[in-house]
file coords.txt (compact mmCIF, C-alpha atoms and all ligand atoms)
# COMPACT_ATOMS: atom_id res chain seq x y z
CA MET A 296 -3.47 -7.45 -11.79
CA ILE A 297 -1.45 -8.05 -8.63
CA GLY A 298 -2.65 -6.79 -5.27
CA LEU A 299 0.07 -4.84 -3.48
CA VAL A 300 -0.12 -4.08 0.23
CA LEU A 301 2.14 -1.24 1.40
CA ALA A 302 3.20 -2.46 4.83
CA GLY A 303 6.68 -1.02 5.39
CA GLY A 304 7.66 2.48 6.37
CA LYS A 305 8.57 3.83 9.77
CA SER A 306 5.20 4.17 11.57
CA THR A 307 6.77 7.12 13.41
CA ARG A 308 3.50 8.90 14.08
CA PHE A 309 1.68 5.69 14.96
CA GLY A 310 4.31 4.76 17.53
CA ARG A 311 4.17 1.03 16.79
CA ASP A 312 4.13 -1.06 13.67
CA LYS A 313 0.99 -0.15 11.68
CA ALA A 314 0.94 -3.36 9.62
CA LEU A 315 1.10 -5.68 12.64
CA TYR A 316 -1.34 -3.58 14.66
CA HIS A 317 -4.64 -5.24 15.43
CA CYS A 318 -7.53 -2.76 15.44
CA PRO A 319 -10.07 -3.22 18.24
CA HIS A 320 -13.05 -5.25 17.01
CA GLU A 321 -11.10 -6.71 14.10
CA ARG A 322 -10.12 -10.38 14.09
CA VAL A 323 -6.87 -9.87 12.20
CA ASN A 324 -4.12 -7.27 11.99
CA ASN A 325 -4.02 -4.38 9.51
CA ALA A 326 -1.80 -6.29 7.06
CA GLU A 327 -4.23 -9.18 6.91
CA LEU A 328 -7.23 -6.87 6.61
CA ALA A 329 -5.64 -5.36 3.51
CA VAL A 330 -4.56 -8.73 2.10
CA ASN A 331 -8.04 -10.18 2.52
CA LYS A 332 -9.65 -7.29 0.66
CA LEU A 333 -7.18 -7.50 -2.22
CA ARG A 334 -7.60 -11.26 -2.49
CA LEU A 335 -11.23 -10.69 -3.40
CA LEU A 336 -9.99 -8.97 -6.56
CA SER A 337 -6.63 -10.48 -7.35
CA ASP A 338 -5.19 -14.00 -7.50
CA GLU A 339 -1.78 -12.83 -6.32
CA VAL A 340 -0.95 -10.46 -3.48
CA ILE A 341 2.44 -9.01 -2.57
CA VAL A 342 2.98 -7.56 0.90
CA SER A 343 5.71 -4.94 0.82
CA ALA A 344 7.25 -4.97 4.29
CA ASN A 345 10.22 -3.42 6.04
CA ALA A 346 13.27 -5.05 7.61
CA LYS A 347 11.62 -5.07 11.04
CA ASN A 348 8.19 -6.53 10.28
CA GLY A 349 9.23 -8.68 7.31
CA ASP A 350 9.86 -11.87 9.29
CA ALA A 351 6.60 -11.63 11.22
CA LEU A 352 4.62 -10.99 8.05
CA THR A 353 6.41 -13.80 6.20
CA THR A 354 5.45 -16.19 9.01
CA GLN A 355 1.90 -14.90 9.04
CA PHE A 356 1.30 -15.55 5.34
CA GLN A 357 3.67 -18.44 4.62
CA ALA A 358 0.87 -21.01 4.36
CA VAL A 359 -0.73 -19.20 1.43
CA PRO A 360 1.20 -19.73 -1.82
CA THR A 361 -0.45 -16.80 -3.61
CA ILE A 362 0.78 -14.29 -1.01
CA THR A 363 4.40 -13.16 -1.10
CA VAL A 364 6.15 -10.91 1.40
CA VAL A 365 9.00 -8.76 0.08
CA THR A 366 11.15 -6.13 1.77
CA ASP A 367 12.53 -2.85 0.43
CA GLN A 368 15.37 -3.27 -2.02
CA ALA A 369 18.60 -1.29 -2.20
CA PRO A 370 19.21 1.45 -3.04
CA PHE A 371 15.62 2.50 -2.29
CA VAL A 372 15.12 1.28 1.27
CA GLN A 373 12.63 3.24 3.40
CA HIS A 374 12.17 6.12 1.00
CA GLY A 375 8.40 6.00 1.39
CA PRO A 376 5.61 4.15 -0.40
CA LEU A 377 7.51 4.12 -3.71
CA SER A 378 10.16 1.96 -1.99
CA GLY A 379 7.46 -0.59 -1.32
CA ILE A 380 6.30 -0.51 -4.94
CA TYR A 381 9.90 -0.83 -6.11
CA ALA A 382 10.35 -3.95 -3.97
CA ALA A 383 7.36 -5.53 -5.72
CA CYS A 384 8.79 -4.50 -9.09
CA CYS A 385 12.03 -6.30 -8.22
CA ARG A 386 10.00 -9.50 -7.94
CA HIS A 387 8.21 -8.81 -11.26
CA PRO A 388 10.67 -6.73 -13.31
CA GLN A 389 8.50 -6.58 -16.43
CA THR A 390 5.59 -4.17 -16.70
CA THR A 391 2.99 -5.32 -14.20
CA ASP A 392 -0.45 -4.08 -13.28
CA TYR A 393 -0.84 -3.31 -9.55
CA LEU A 394 -3.80 -2.63 -7.32
CA VAL A 395 -2.15 -0.82 -4.41
CA LEU A 396 -3.53 -0.52 -0.88
CA ALA A 397 -1.77 0.85 2.20
CA VAL A 398 -2.25 -0.87 5.56
CA ASP A 399 -3.28 2.37 7.23
CA TYR A 400 -6.74 2.35 5.62
CA PRO A 401 -8.26 -0.48 7.69
CA ARG A 402 -11.79 0.75 6.97
CA ILE A 403 -11.57 0.86 3.21
CA THR A 404 -14.49 -1.05 1.77
CA PRO A 405 -14.31 -3.81 -0.85
CA ASN A 406 -16.65 -1.70 -3.01
CA VAL A 407 -14.15 1.16 -3.18
CA LEU A 408 -11.36 -1.23 -4.07
CA ALA A 409 -13.48 -2.93 -6.71
CA ALA A 410 -14.14 0.45 -8.35
CA VAL A 411 -10.42 1.29 -8.32
CA ALA A 412 -9.65 -2.16 -9.73
CA ASP A 413 -12.08 -1.48 -12.60
CA HIS A 414 -10.22 1.70 -13.60
CA PRO A 415 -6.64 1.22 -14.78
CA ASN A 416 -4.51 4.33 -14.16
CA CYS A 417 -6.41 5.84 -11.29
CA PHE A 418 -6.00 6.75 -7.65
CA ALA A 419 -8.76 7.15 -5.10
CA ALA A 420 -9.81 10.64 -4.08
CA THR A 421 -12.48 12.26 -1.97
CA PRO A 422 -13.51 15.92 -2.00
CA ALA A 423 -11.28 16.27 1.07
CA ALA A 424 -8.09 14.57 -0.13
CA SER A 425 -6.19 12.53 -2.67
CA HIS A 426 -5.49 8.99 -1.48
CA TYR A 427 -2.49 8.01 -3.56
CA THR A 428 -1.86 4.81 -1.62
CA ILE A 429 -5.14 3.42 -2.97
CA ALA A 430 -4.36 3.21 -6.66
CA HIS A 431 -4.25 1.11 -9.81
CA PHE A 432 -1.49 1.43 -12.41
CA SER A 433 1.14 -0.47 -14.37
CA VAL A 434 4.86 -0.08 -13.99
CA SER A 435 8.12 -1.91 -14.67
CA ARG A 436 11.12 -2.07 -12.38
CA ASN A 437 13.32 -0.07 -14.75
CA THR A 438 10.76 2.69 -15.21
CA LEU A 439 10.36 3.13 -11.48
CA ARG A 440 14.10 2.88 -10.87
CA ASP A 441 14.75 5.63 -13.43
CA PHE A 442 12.15 7.84 -11.74
CA LEU A 443 13.60 7.25 -8.27
CA LEU A 444 17.15 7.87 -9.45
CA LEU A 445 16.06 11.43 -10.25
CA GLY A 446 15.65 11.83 -6.50
CA ASP A 447 11.90 12.34 -6.40
CA PHE A 448 10.24 9.91 -3.97
CA ARG A 449 6.73 11.38 -4.02
CA LEU A 450 4.12 8.78 -4.84
CA GLY A 451 1.63 11.40 -6.02
CA GLN A 452 4.18 12.87 -8.39
CA PHE A 453 4.92 9.43 -9.78
CA ILE A 454 1.39 8.24 -10.40
CA GLU A 455 -0.08 11.56 -11.54
CA GLY A 456 2.98 12.60 -13.54
CA SER A 457 4.66 9.65 -15.17
CA ARG A 458 1.78 7.17 -14.90
CA GLN A 459 -0.85 9.77 -15.82
CA CYS A 460 -3.30 8.38 -13.32
CA LEU A 461 -6.52 10.29 -12.79
CA PRO A 462 -8.48 10.69 -9.57
CA LEU A 463 -11.45 8.39 -9.08
CA THR A 464 -13.55 10.45 -6.73
CA PHE A 465 -15.73 9.02 -3.98
CA PRO A 466 -17.85 10.85 -1.40
CA ASN A 467 -16.16 11.62 1.91
CA SER A 468 -16.69 8.66 4.22
CA GLU A 469 -15.16 6.73 7.11
CA SER A 470 -13.90 4.27 4.54
CA PHE A 471 -11.13 6.73 3.72
CA THR A 472 -9.97 7.36 7.25
CA ASN A 473 -6.18 7.20 7.10
CA TYR A 474 -4.88 6.12 10.48
CA ASN A 475 -1.48 7.67 11.09
CA TYR A 476 -1.86 8.00 14.87
CA LEU A 477 -2.88 5.30 17.31
CA GLU A 478 -5.27 7.73 19.00
CA GLU A 479 -7.22 8.05 15.75
CA ILE A 480 -8.13 4.37 15.88
CA ASN A 481 -8.91 4.37 19.57
CA HIS A 482 -11.15 7.41 19.22
CA ALA A 483 -12.97 5.84 16.28
CA ASP A 484 -13.77 2.58 18.07
N1 LIG A 501 7.54 -0.98 1.87
C1 LIG A 501 7.45 0.29 2.27
N2 LIG A 501 6.25 0.79 2.65
C2 LIG A 501 6.21 2.07 3.07
C3 LIG A 501 7.35 2.90 3.16
N3 LIG A 501 6.98 4.11 3.65
C4 LIG A 501 5.66 4.04 3.86
N4 LIG A 501 5.17 2.81 3.52
C5 LIG A 501 3.78 2.38 3.59
O1 LIG A 501 3.03 3.34 2.86
C6 LIG A 501 1.87 3.74 3.56
C7 LIG A 501 1.91 5.24 3.87
O2 LIG A 501 2.98 5.46 4.76
P1 LIG A 501 3.14 6.81 5.58
O3 LIG A 501 2.08 6.90 6.60
O4 LIG A 501 3.24 7.94 4.62
O5 LIG A 501 4.57 6.66 6.24
P2 LIG A 501 5.04 5.75 7.47
O6 LIG A 501 6.53 5.67 7.34
O7 LIG A 501 4.29 4.45 7.49
O8 LIG A 501 4.63 6.56 8.76
P3 LIG A 501 5.33 7.83 9.44
O9 LIG A 501 6.69 7.40 9.91
O10 LIG A 501 4.43 8.18 10.58
O11 LIG A 501 5.38 8.90 8.38
C8 LIG A 501 1.80 2.86 4.80
O12 LIG A 501 0.97 1.76 4.49
C9 LIG A 501 3.22 2.38 5.01
O13 LIG A 501 3.23 1.08 5.58
C10 LIG A 501 8.61 2.35 2.76
O14 LIG A 501 9.66 3.01 2.79
N5 LIG A 501 8.59 1.05 2.34
call {"tool": "encode", "arguments": {"input": "coords.txt", "output": "structure tokens"}}
result
Amino acid sequence: MIGLVLAGGKSTRFGRDKALYHCPHERVNNAELAVNKLRLLSDEVIVSANAKNGDALTTQFQAVPTITVVTDQAPFVQHGPLSGIYAACCRHPQTTDYLVLAVDYPRITPNVLAAVADHPNCFAATPAASHYTIAHFSVSRNTLRDFLLLGDFRLGQFIEGSRQCLPLTFPNSESFTNYNYLEEINHAD
């Protein structure tokens, strides 16, 4: 199982790069928070970055041989989280098992991730929402490419439909706070 950090995207609502952002009271940025949690569960971690933050993230993790930074691959650049998963698939074209975590869940707990890691073909959910960017499934590059070529870039559609992932439901908690706006972090701290 490879840990996969979704760290690209546009961060339009956040107003600055979410992966490089350093939450108050944390010692490292959001990308490293996610990497550190996945490293507890996986020997290899891929950070799926965008063209803008790729160099900074490569520099940040270059001393650790088990962490690789990739950027979105044509023709699926910046089409959403599935672009980030496709970039990882380009590095490992054969069917590969991924434990996926987005950088905008800086409060996710290692316990939640461990439970997701223990359940192949699942995504995290709470009574309030589905959290598709916290998920565990296998995919090959060609399978994902064929899905994306149909023009559907919805992660939920991909993992619930073609991957047949089921929700792994947790109680509502701060762990699942999805920070899309800078104000959400500042209000929480
Ligand atoms: N590599 C990669 N990651 C992405 C892409 N789009 C989103 N992500 C990541 O997927 C997670 C969920 O992203 P969203 O919040 O839906 O989108 P966003 O583009 O980051 O933010 P907005 O521009 O505000 O919608 C975040 O961790 C993003 O870093 C993409 O096109 N490529």
call {"tool": "closest_residue", "arguments": {"input": "coords.txt", "among": "A:Glu455, A:Glu479, A:Asp350, A:Asp399", "to": "ligand LIG 501 (chain A)", "atoms": "all atoms listed in the file"}}
result
A:Asp399
call {"tool": "residues_near_point", "arguments": {"input": "coords.txt", "point": "(-1.4, 7.0, 20.0)", "cutoff": "8 Å", "atoms": "only C-alpha atoms", "output": "MDAnalysis selection string"}}
result
chainID A and resid 308:310 476:479 481
call {"tool": "residues_near_ligand", "arguments": {"input": "coords.txt", "ligand": "ligand LIG 501 (chain A)", "cutoff": "9 Å", "atoms": "only C-alpha atoms and all ligand atoms", "output": "PyMOL selection string"}}
result
chain A and resi 300-310+312-314+326+342-345+365-367+371-383+396-400+428+473-476
call {"tool": "write_last_selection", "arguments": {"input": "coords.txt", "atoms": "C-alpha atoms", "output": "tab-separated table (two decimals), in the frame of the given file"}}
result
chain	number	residue	atom	x	y	z
A	300	VAL	CA	-0.12	-4.08	0.23
A	301	LEU	CA	2.14	-1.24	1.40
A	302	ALA	CA	3.20	-2.46	4.83
A	303	GLY	CA	6.68	-1.02	5.39
A	304	GLY	CA	7.66	2.48	6.37
A	305	LYS	CA	8.57	3.83	9.77
A	306	SER	CA	5.20	4.17	11.57
A	307	THR	CA	6.77	7.12	13.41
A	308	ARG	CA	3.50	8.90	14.08
A	309	PHE	CA	1.68	5.69	14.96
A	310	GLY	CA	4.31	4.76	17.53
A	312	ASP	CA	4.13	-1.06	13.67
A	313	LYS	CA	0.99	-0.15	11.68
A	314	ALA	CA	0.94	-3.36	9.62
A	326	ALA	CA	-1.80	-6.29	7.06
A	342	VAL	CA	2.98	-7.56	0.90
A	343	SER	CA	5.71	-4.94	0.82
A	344	ALA	CA	7.25	-4.97	4.29
A	345	ASN	CA	10.22	-3.42	6.04
A	365	VAL	CA	9.00	-8.76	0.08
A	366	THR	CA	11.15	-6.13	1.77
A	367	ASP	CA	12.53	-2.85	0.43
A	371	PHE	CA	15.62	2.50	-2.29
A	372	VAL	CA	15.12	1.28	1.27
A	373	GLN	CA	12.63	3.24	3.40
A	374	HIS	CA	12.17	6.12	1.00
A	375	GLY	CA	8.40	6.00	1.39
A	376	PRO	CA	5.61	4.15	-0.40
A	377	LEU	CA	7.51	4.12	-3.71
A	378	SER	CA	10.16	1.96	-1.99
A	379	GLY	CA	7.46	-0.59	-1.32
A	380	ILE	CA	6.30	-0.51	-4.94
A	381	TYR	CA	9.90	-0.83	-6.11
A	382	ALA	CA	10.35	-3.95	-3.97
A	383	ALA	CA	7.36	-5.53	-5.72
A	396	LEU	CA	-3.53	-0.52	-0.88
A	397	ALA	CA	-1.77	0.85	2.20
A	398	VAL	CA	-2.25	-0.87	5.56
A	399	ASP	CA	-3.28	2.37	7.23
A	400	TYR	CA	-6.74	2.35	5.62
A	428	THR	CA	-1.86	4.81	-1.62
A	473	ASN	CA	-6.18	7.20	7.10
A	474	TYR	CA	-4.88	6.12	10.48
A	475	ASN	CA	-1.48	7.67	11.09
A	476	TYR	CA	-1.86	8.00	14.87
call {"tool": "atom_distance", "arguments": {"input": "coords.txt", "atom1": "atom CA of A:Leu439", "atom2": "atom CA of A:Ala369"}}
result
13.2 Å
call {"tool": "closest_residue", "arguments": {"input": "coords.txt", "among": "A:Asn325, A:Ile480, A:Pro360, A:Ser433", "to": "A:Pro388", "atoms": "only C-alpha atoms"}}
result
A:Ser433
call {"tool": "residues_around", "arguments": {"input": "coords.txt", "residues": "A:Val434", "least_positions_apart": "2", "cutoff": "7 Å", "atoms": "only C-alpha atoms", "output": "compact mmCIF listing (two decimals) with C-alpha atoms, in the coordinates of the input"}}
result
# COMPACT_ATOMS: atom_id res chain seq x y z
CA THR A 390 5.59 -4.17 -16.70
CA THR A 391 2.99 -5.32 -14.20
CA ASP A 392 -0.45 -4.08 -13.28
CA PHE A 432 -1.49 1.43 -12.41
CA ARG A 436 11.12 -2.07 -12.38
CA THR A 438 10.76 2.69 -15.21
CA LEU A 439 10.36 3.13 -11.48
call {"tool": "residues_around", "arguments": {"input": "coords.txt", "residues": "A:Asp413", "least_positions_apart": "4", "cutoff": "12 Å", "atoms": "all atoms listed in the file", "output": "NGL selection string"}}
result
:A and (296 or 336-337 or 392-394 or 406-409 or 417-419 or 430-432 or 463)
call {"tool": "closest_residue", "arguments": {"input": "coords.txt", "among": "A:Gln355, A:Ser470, A:Asn416, A:Asn348", "to": "A:Ser457", "atoms": "all atoms listed in the file"}}
result
A:Asn416
call {"tool": "atom_distance", "arguments": {"input": "coords.txt", "atom1": "atom CA of A:Arg386", "atom2": "atom CA of A:Ile362"}}
result
12.5 Å
call {"tool": "axis_aligned_box", "arguments": {"input": "coords.txt", "around": "stretch 365-376 of chain A", "padding_each_side": "8 Å", "output": "lines of an AutoDock Vina configuration file"}}
result
center_x = 12.4
center_y = -1.3
center_z = 0.2
size_x = 29.6
size_y = 30.9
size_z = 22.4
call {"tool": "residues_around", "arguments": {"input": "coords.txt", "residues": "A:Thr363", "least_positions_apart": "5", "cutoff": "9 Å", "atoms": "all atoms listed in the file", "output": "PyMOL selection string"}}
result
chain A and resi 339-343+353+356-357
call {"tool": "closest_residue", "arguments": {"input": "coords.txt", "among": "A:Gly456, A:Pro405, A:Asn437, A:Val330", "to": "A:His387", "atoms": "all atoms listed in the file"}}
result
A:Asn437
call {"tool": "atom_distance", "arguments": {"input": "coords.txt", "atom1": "atom CA of A:Pro422", "atom2": "atom CA of A:Pro462"}}
result
10.5 Å
call {"tool": "closest_residue", "arguments": {"input": "coords.txt", "among": "A:Ala412, A:Phe448, A:Ile297, A:Ala423", "to": "A:Phe465", "atoms": "all atoms listed in the file"}}
result
A:Ala423
call {"tool": "closest_residue", "arguments": {"input": "coords.txt", "among": "A:Asn467, A:Ala420, A:Pro370, A:Ala410", "to": "A:Leu444", "atoms": "all atoms listed in the file"}}
result
A:Pro370
